[in-house]
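Q: To be precise about what I am sending: the file is called data-v4.cif and holds mmCIF, C-alpha atoms.
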```
data_run
#
loop_
_atom_site.label_atom_id
_atom_site.label_comp_id
_atom_site.auth_asym_id
_atom_site.auth_seq_id
_atom_site.Cartn_x
_atom_site.Cartn_y
_atom_site.Cartn_z
CA MET A 110 -10.53 21.63 21.49
CA SER A 111 -7.39 21.97 19.42
CA ALA A 112 -7.29 22.32 15.67
CA THR A 113 -5.20 19.15 15.61
CA PHE A 114 -7.94 17.21 17.38
CA GLU A 115 -10.59 18.56 15.02
CA THR A 116 -8.55 17.43 12.03
CA VAL A 117 -7.83 14.01 13.52
CA ALA A 118 -11.44 13.48 14.57
CA GLY A 119 -12.59 14.39 11.09
CA ILE A 120 -10.12 11.93 9.57
CA ILE A 121 -11.24 9.12 11.89
CA SER A 122 -14.91 9.86 11.29
CA GLU A 123 -14.51 9.83 7.52
CA THR A 124 -12.05 6.94 7.31
CA CYS A 125 -13.83 4.58 9.70
CA ASP A 126 -17.40 5.79 9.23
CA ILE A 127 -17.73 6.67 12.92
CA PRO A 128 -20.18 9.46 13.82
CA ARG A 129 -18.16 12.57 14.60
CA GLU A 130 -20.03 13.17 17.88
CA LYS A 131 -18.79 9.84 19.25
CA ILE A 132 -15.17 10.93 18.94
CA THR A 133 -13.81 12.86 21.92
CA PRO A 134 -10.30 13.80 23.06
CA GLN A 135 -10.61 11.06 25.70
CA SER A 136 -11.57 8.36 23.18
CA HIS A 137 -9.22 5.40 22.96
CA ALA A 138 -8.86 4.62 19.27
CA ILE A 139 -8.85 0.87 19.83
CA ASP A 140 -10.85 0.27 23.01
CA ASP A 141 -13.53 2.96 22.57
CA LEU A 142 -13.76 3.45 18.82
CA GLY A 143 -13.00 -0.14 17.79
CA ILE A 144 -10.37 0.84 15.23
CA ASP A 145 -8.29 -2.17 14.20
CA SER A 146 -4.65 -2.11 13.18
CA LEU A 147 -5.41 -2.07 9.46
CA ALA A 148 -7.84 0.82 9.80
CA PHE A 149 -5.31 2.64 11.95
CA LEU A 150 -2.82 2.46 9.07
CA ASP A 151 -5.46 4.12 6.92
CA ILE A 152 -5.83 6.85 9.52
CA ALA A 153 -2.05 7.19 9.79
CA PHE A 154 -1.83 7.73 6.04
CA ALA A 155 -4.39 10.54 6.21
CA ILE A 156 -2.67 12.09 9.25
CA ASP A 157 0.75 11.85 7.58
CA LYS A 158 -0.61 13.66 4.55
CA ALA A 159 -2.62 16.24 6.47
CA PHE A 160 0.25 17.27 8.76
CA GLY A 161 3.26 16.49 6.54
CA ILE A 162 4.72 14.10 9.09
CA LYS A 163 5.45 10.40 9.51
CA LEU A 164 3.78 8.87 12.55
CA PRO A 165 6.29 6.38 13.98
CA LEU A 166 3.70 3.62 14.26
CA GLU A 167 6.18 0.75 14.18
CA GLN A 168 8.14 2.25 17.08
CA TRP A 169 4.98 2.92 19.09
CA THR A 170 3.64 -0.56 18.50
CA GLN A 171 6.94 -2.09 19.55
CA GLU A 172 7.05 -0.01 22.72
CA VAL A 173 3.49 -1.04 23.63
CA ASN A 174 4.11 -4.71 22.82
CA GLU A 175 7.29 -4.74 24.91
CA GLY A 176 5.51 -3.07 27.83
CA LYS A 177 7.72 0.01 27.62
CA ALA A 178 4.76 2.33 27.10
CA PRO A 179 1.04 2.08 27.84
CA ALA A 180 -1.18 1.97 24.77
CA GLU A 181 -3.03 5.02 26.11
CA GLN A 182 0.08 7.08 25.57
CA TYR A 183 -0.37 6.85 21.83
CA PHE A 184 -3.93 5.75 21.15
CA VAL A 185 -6.02 8.04 23.38
CA LEU A 186 -6.76 10.84 20.95
CA GLU A 187 -5.65 13.79 23.08
CA ASN A 188 -2.32 12.04 23.56
CA LEU A 189 -2.11 11.17 19.88
CA CYS A 190 -2.76 14.82 19.03
CA LYS A 191 0.01 15.90 21.39
CA ARG A 192 2.39 13.51 19.57
CA ILE A 193 1.29 14.95 16.26
CA ASP A 194 1.90 18.52 17.49
CA ASP A 195 5.36 17.46 18.70
CA LEU A 196 6.19 15.90 15.33
CA VAL A 197 4.98 18.99 13.48
CA ALA A 198 7.05 21.22 15.78
CA ALA A 199 10.12 19.01 15.37
CA LYS A 200 9.74 19.18 11.61
CA ALA A 201 9.49 22.96 11.66
CA ALA A 202 12.50 23.36 13.96
CA MET B 97 2.40 -13.61 -17.51
CA ARG B 98 0.96 -16.77 -16.06
CA LEU B 99 -2.43 -15.57 -14.98
CA GLU B 100 -3.48 -18.70 -13.15
CA TYR B 101 -0.24 -18.69 -11.11
CA PHE B 102 -0.39 -14.97 -10.40
CA ASP B 103 2.97 -14.43 -12.11
CA MET B 104 2.03 -11.04 -13.45
CA ILE B 105 5.39 -9.38 -14.13
CA ASP B 106 7.62 -10.82 -16.87
CA LYS B 107 10.56 -8.46 -16.76
CA VAL B 108 11.64 -5.32 -14.96
CA GLU B 109 12.63 -2.73 -17.55
CA SER B 110 13.93 -0.10 -15.14
CA PHE B 111 14.33 0.40 -11.41
CA ASP B 112 15.07 3.95 -10.31
CA PRO B 113 15.72 4.13 -6.54
CA ALA B 114 16.39 7.88 -6.65
CA ASN B 115 12.96 8.65 -8.06
CA LYS B 116 11.41 5.60 -6.36
CA ARG B 117 9.99 4.28 -9.61
CA ILE B 118 9.85 1.00 -11.47
CA THR B 119 8.78 0.02 -14.98
CA ALA B 120 8.12 -3.51 -16.13
CA ARG B 121 6.77 -5.37 -19.11
CA SER B 122 4.37 -8.29 -19.28
CA THR B 123 2.78 -10.11 -22.17
CA VAL B 124 -0.73 -11.46 -21.76
CA PRO B 125 -0.75 -15.16 -22.73
CA ALA B 126 -2.59 -16.28 -25.85
CA THR B 127 -4.51 -18.83 -23.85
CA SER B 128 -5.36 -19.29 -20.19
CA PRO B 129 -8.04 -21.10 -18.18
CA VAL B 130 -8.99 -17.63 -16.96
CA PHE B 131 -10.27 -16.81 -20.44
CA GLU B 132 -12.55 -19.83 -20.44
CA GLY B 133 -14.75 -18.01 -17.98
CA HIS B 134 -13.89 -14.37 -18.66
CA PHE B 135 -15.53 -14.57 -21.15
CA PRO B 136 -16.39 -17.64 -23.25
CA GLY B 137 -15.56 -16.67 -26.83
CA HIS B 138 -14.54 -13.14 -25.77
CA PRO B 139 -11.31 -13.41 -23.75
CA LEU B 140 -10.52 -10.34 -21.64
CA VAL B 141 -8.06 -9.94 -18.77
CA PRO B 142 -10.18 -9.37 -15.63
CA GLY B 143 -9.80 -6.01 -13.93
CA VAL B 144 -8.83 -7.71 -10.69
CA LEU B 145 -5.84 -9.27 -12.44
CA LEU B 146 -4.83 -5.91 -13.89
CA THR B 147 -5.04 -4.59 -10.33
CA GLU B 148 -2.87 -7.50 -9.18
CA THR B 149 -0.38 -6.65 -11.94
CA MET B 150 -0.14 -3.05 -10.72
CA ALA B 151 0.13 -4.30 -7.14
CA GLN B 152 2.95 -6.68 -8.01
CA ALA B 153 4.89 -3.94 -9.82
CA SER B 154 4.42 -1.77 -6.73
CA GLY B 155 5.43 -4.65 -4.47
CA TYR B 156 8.64 -5.26 -6.40
CA LEU B 157 9.35 -1.52 -6.25
CA LEU B 158 9.00 -1.59 -2.46
CA LEU B 159 11.13 -4.73 -2.15
CA GLY B 160 13.76 -3.09 -4.32
CA LEU B 161 13.75 0.04 -2.23
CA ASN B 162 13.82 -1.70 1.15
CA GLY B 163 16.37 -4.31 0.12
CA LEU B 164 14.01 -7.16 1.03
CA THR B 165 13.81 -6.22 4.69
CA GLN B 166 10.00 -6.22 4.83
CA MET B 167 7.28 -7.85 2.76
CA PRO B 168 4.60 -5.62 1.23
CA PHE B 169 1.03 -6.91 1.44
CA LEU B 170 -1.71 -5.15 -0.49
CA MET B 171 -4.10 -3.47 1.95
CA MET B 172 -6.00 -0.92 -0.09
CA VAL B 173 -6.98 -0.13 -3.66
CA ASP B 174 -8.08 3.44 -4.29
CA LYS B 175 -9.29 5.21 -7.38
CA ALA B 176 -8.89 2.23 -9.70
CA ARG B 177 -9.82 3.02 -13.29
CA PHE B 178 -10.07 0.53 -16.13
CA ARG B 179 -10.13 2.44 -19.38
CA THR B 180 -9.76 -0.14 -22.12
CA PHE B 181 -10.21 -3.89 -22.59
CA VAL B 182 -7.07 -6.03 -22.48
CA GLU B 183 -7.01 -9.04 -24.79
CA PRO B 184 -4.72 -12.05 -25.20
CA ASN B 185 -1.19 -11.32 -26.52
CA ALA B 186 -1.28 -7.68 -25.39
CA VAL B 187 2.08 -6.30 -24.27
CA LEU B 188 1.65 -4.34 -21.05
CA ASP B 189 3.92 -1.56 -19.87
CA VAL B 190 3.48 -1.48 -16.12
CA SER B 191 4.83 1.31 -13.95
CA ALA B 192 4.66 2.20 -10.29
CA GLU B 193 6.00 5.00 -8.15
CA LEU B 194 6.21 5.45 -4.40
CA VAL B 195 4.10 8.40 -3.29
CA HIS B 196 4.37 8.04 0.47
CA GLU B 197 6.55 5.98 2.78
CA GLY B 198 4.88 5.66 6.14
CA SER B 199 5.84 3.73 9.24
CA GLY B 200 4.81 0.15 8.53
CA TYR B 201 3.03 0.99 5.31
CA ALA B 202 3.63 2.56 1.90
CA ALA B 203 1.49 4.14 -0.82
CA THR B 204 2.08 3.89 -4.56
CA LYS B 205 0.52 5.04 -7.79
CA ALA B 206 0.60 2.48 -10.56
CA LYS B 207 -0.58 2.27 -14.14
CA ILE B 208 -0.59 0.06 -17.19
CA ALA B 209 -0.30 1.18 -20.79
CA ILE B 210 -0.27 -0.61 -24.13
CA ALA B 211 1.83 1.09 -26.81
CA GLY B 212 1.56 4.35 -24.90
CA LYS B 213 -2.21 4.17 -24.49
CA PRO B 214 -3.43 4.26 -20.85
CA ILE B 215 -5.21 1.05 -19.87
CA CYS B 216 -5.70 1.36 -16.14
CA ASP B 217 -4.37 3.10 -13.07
CA ALA B 218 -4.84 3.00 -9.32
CA GLU B 219 -3.57 4.25 -6.01
CA LEU B 220 -2.44 1.35 -3.86
CA ARG B 221 -1.41 0.96 -0.28
CA PHE B 222 0.67 -1.79 1.28
CA ARG B 223 1.26 -2.97 4.78
CA LEU B 224 4.96 -3.68 5.35
CA MET B 225 5.52 -6.67 7.60
CA PRO B 226 8.25 -9.13 8.55
CA PHE B 227 8.63 -11.89 5.97
CA PRO B 228 6.63 -15.01 6.77
CA ALA B 229 8.73 -18.18 6.85
CA ASP B 230 10.60 -18.82 3.58
CA MET B 231 8.86 -16.01 1.72
CA ARG B 232 12.02 -13.91 1.56
CA THR B 233 13.79 -16.73 -0.26
CA LEU B 234 10.86 -17.02 -2.61
CA MET B 235 10.92 -13.29 -3.30
CA GLN B 236 14.68 -13.31 -3.85
CA ALA B 237 14.24 -15.97 -6.52
CA ARG B 238 11.33 -14.09 -8.05
CA ILE B 239 13.08 -10.73 -8.29
CA ALA B 240 16.12 -12.44 -9.81
CA ALA B 241 13.86 -14.08 -12.39
CA ILE B 242 12.33 -10.77 -13.44
CA GLY B 243 15.67 -8.93 -13.45
CA LEU B 244 15.27 -6.63 -10.49
CA SER B 245 18.40 -5.54 -8.66
CA PRO B 246 17.43 -4.25 -5.21
CA GLU B 247 19.42 -1.58 -3.43
CA ALA B 248 20.81 -3.85 -0.74
CA ALA B 249 19.41 -7.36 -1.04
#
```
Could you quickly redo this structure as structure tokens?
A:
Amino acid sequence: MSATFETVAGIISETCDIPREKITPQSHAIDDLGIDSLAFLDIAFAIDKAFGIKLPLEQWTQEVNEGKAPAEQYFVLENLCKRIDDLVAAKAA
Amino acid sequence: MRLEYFDMIDKVESFDPANKRITARSTVPATSPVFEGHFPGHPLVPGVLLTETMAQASGYLLLGLNGLTQMPFLMMVDKARFRTFVEPNAVLDVSAELVHEGSGYAATKAKIAIAGKPICDAELRFRLMPFPADMRTLMQARIAAIGLSPEAA
């Protein structure tokens, strides 16, 4: 598993008090882990700080709400980690 | 300050958009129904109201920076420390700075001092949401009353 996933899983475990072993790359943050929108902002803050990025949560939420993107695209952890890696790479470029 | 109406900020002393910082001043009233319970014969400003004061300074900072495009709602209080009692008639110097601007949320550090002496401090986080009906008008009136000039209100 990627270093990004390990960091994200650790953040989610600590922030939401979810046992680390329950968090897998295939976990859906909302459907599987039961993370609500407020808790997700808490996670976003920790991710922003850990990776030096700004997760575009408002844009993602709008896309999901308007049916332009499936929620899985952003909230399944392996997909979320891919987005994080892309944002980190874009920042470094 | 009008504690029972949650009017915690009397006047904005400075608003610095470049450094994302605000300072404000508030005077604790001599009397308030709050003091009848907290505590009888020994009036002290409750820590939750000092937290609210820091949150309001932070909220006005965020409104000033975003030009009243989104309403900040307090969502988290971290590392709050209350170092000294605050009594009636105390003059509070309240300050707040933006430490992180996320997507749909923001984080601040805020503190209160009296005559240069630290009273309390906290790290606060706010959810930024569309204004509920009429609240923008209310906030416009409020920031005018306390002397805040937003960047693009």
Q: Could you check the closest approach to chain A for each of B:Val130, B:Ala203, B:Ile242, B:Met97 and tell me which residue wins, using all atoms listed in the file?
A: B:Ala203
Q: On this structure, the PyMOL selection byres ((chain B) within 7 of (chain A)) would catch which residues? List them as a PDB file with C-alpha atoms, in the coordinates of the input, sorted by chain and number.
A:
```
ATOM      1  CA  GLY B 198       4.880   5.660   6.140  1.00  0.00           C
ATOM      2  CA  SER B 199       5.840   3.730   9.240  1.00  0.00           C
ATOM      3  CA  GLY B 200       4.810   0.150   8.530  1.00  0.00           C
TER       4      GLY B 200
END
```
Q: Quick one: of A:Gly176, A:Lys200, A:Ile156, A:Asp145, who's nearest to Thr113 (chain A), counting all atoms listed in the file?
A: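 With all atoms listed in the file as the atom set, the closest residue is A:Ile156.
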Q: Name the residues that the PyMOL selection byres ((chain B and resi 160-166) around 7) picks from the file above, as a PyMOL selection string, using the file's chain letters and numbers.
A: chain B and resi 113+156-159+167-168+224-227+245-249
Q: One number please: CA of Ile120 (chain A) to CA of Ala176 (chain B), in Å, one decimal.
A: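 One can read the CA of Ile120 (chain A) to CA of Ala176 (chain B) distance as 21.6 Å.
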Q: For CA of Ala211 (chain B) and CA of Pro184 (chain B), quote the distance in Å rounded to one decimal.
A: 14.8 Å
Q: Quick check, in Å to one decimal: how far apart do CA of Ala202 (chain A) and CA of Ile152 (chain A) lie?
A: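 We find that CA of Ala202 (chain A) and CA of Ile152 (chain A) lie 25.1 Å from each other.
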Q: For Ser154 (chain B), find every residue with an atom within 10 Å (counting all atoms listed in the file), except residues of its own chain fewer than 3 positions away, and show them as a list in words.
A: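 Surrounding residues, per the criterion: Arg117, Ile118, Thr119, Glu148, Thr149, Met150, Ala151, Leu157, Leu158, Leu159, Gly160, Pro168, Leu170, Val190, Ser191, Ala192, Glu193, Leu194, Ala202, Ala203, Thr204, Lys205, Ala206, Lys207, Leu220, Arg221 and Phe222 of chain B.
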Q: Could you take the residues named above and write them with C-alpha atoms, as a compact mmCIF listing (two decimals), in the frame of the given file?
A:
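As a result, out_22.txt now contains:
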```txt
# COMPACT_ATOMS: atom_id res chain seq x y z
CA ARG B 117 9.99 4.28 -9.61
CA ILE B 118 9.85 1.00 -11.47
CA THR B 119 8.78 0.02 -14.98
CA GLU B 148 -2.87 -7.50 -9.18
CA THR B 149 -0.38 -6.65 -11.94
CA MET B 150 -0.14 -3.05 -10.72
CA ALA B 151 0.13 -4.30 -7.14
CA LEU B 157 9.35 -1.52 -6.25
CA LEU B 158 9.00 -1.59 -2.46
CA LEU B 159 11.13 -4.73 -2.15
CA GLY B 160 13.76 -3.09 -4.32
CA PRO B 168 4.60 -5.62 1.23
CA LEU B 170 -1.71 -5.15 -0.49
CA VAL B 190 3.48 -1.48 -16.12
CA SER B 191 4.83 1.31 -13.95
CA ALA B 192 4.66 2.20 -10.29
CA GLU B 193 6.00 5.00 -8.15
CA LEU B 194 6.21 5.45 -4.40
CA ALA B 202 3.63 2.56 1.90
CA ALA B 203 1.49 4.14 -0.82
CA THR B 204 2.08 3.89 -4.56
CA LYS B 205 0.52 5.04 -7.79
CA ALA B 206 0.60 2.48 -10.56
CA LYS B 207 -0.58 2.27 -14.14
CA LEU B 220 -2.44 1.35 -3.86
CA ARG B 221 -1.41 0.96 -0.28
CA PHE B 222 0.67 -1.79 1.28
```
Q: Measuring between all atoms listed in the file, which one of A:Glu130, A:Ala201, A:Glu115, A:Ser136 shows the shortest distance to Asn188 (chain A)?
A: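 When distances to Asn188 (chain A) are compared using all atoms listed in the file, the smallest one comes from A:Ser136.
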Q: Using all atoms listed in the file, which of A:Ile144, A:Leu186, A:Ala159, A:Ala180 sits nearest Ile132 (chain A)?
A: A:Leu186
Q: Take the point (-6.1, 21.8, 12.6) in the file's coordinates, draw a sphere of radius 12 Å around it, and report as an MDAnalysis selection string every protein, DNA or RNA residue with an atom inside or on it, counting all atoms listed in the file.
A: chainID A and resid 110:120 156 159:160 190 193:194 197
Q: Quick check on the file I pasted: which residues fall under the PyMOL selection byres ((chain B and resi 143) around 10)? Write them as a list in words.
A: Leu140, Val141, Pro142, Val144, Leu145, Leu146, Thr147, Glu148, Thr149, Ala176, Arg177, Phe178, Phe181, Val182 and Cys216 of chain B
Q: Assuming 6 Å of padding per side, give the centre and edge lengths of the axis-aligned box around every listed atom of region 112-124 of chain A, in Å to one decimal and as AutoDock Vina command-line options.
A:
```
--center_x -10.1 --center_y 14.6 --center_z 12.3 --size_x 21.7 --size_y 27.4 --size_z 22.1
```
Q: Considering all atoms listed in the file, state which residue in the set A:Glu172, A:Ala155, A:Gly161, A:His137 is at the smallest distance from Glu187 (chain A).
A: A:His137
Q: For Gly137 (chain B), which residue among B:Ile105, B:Glu100, B:Glu183, B:Val173 is the nearest when counting all atoms listed in the file?
A: B:Glu183
Q: Mind checking which residues fall within 7 Å of Ile210 (chain B), counting all atoms listed in the file, ignoring those fewer than 6 positions away in the same chain, and posting them as an MDAnalysis selection string?
A: chainID B and resid 187:189
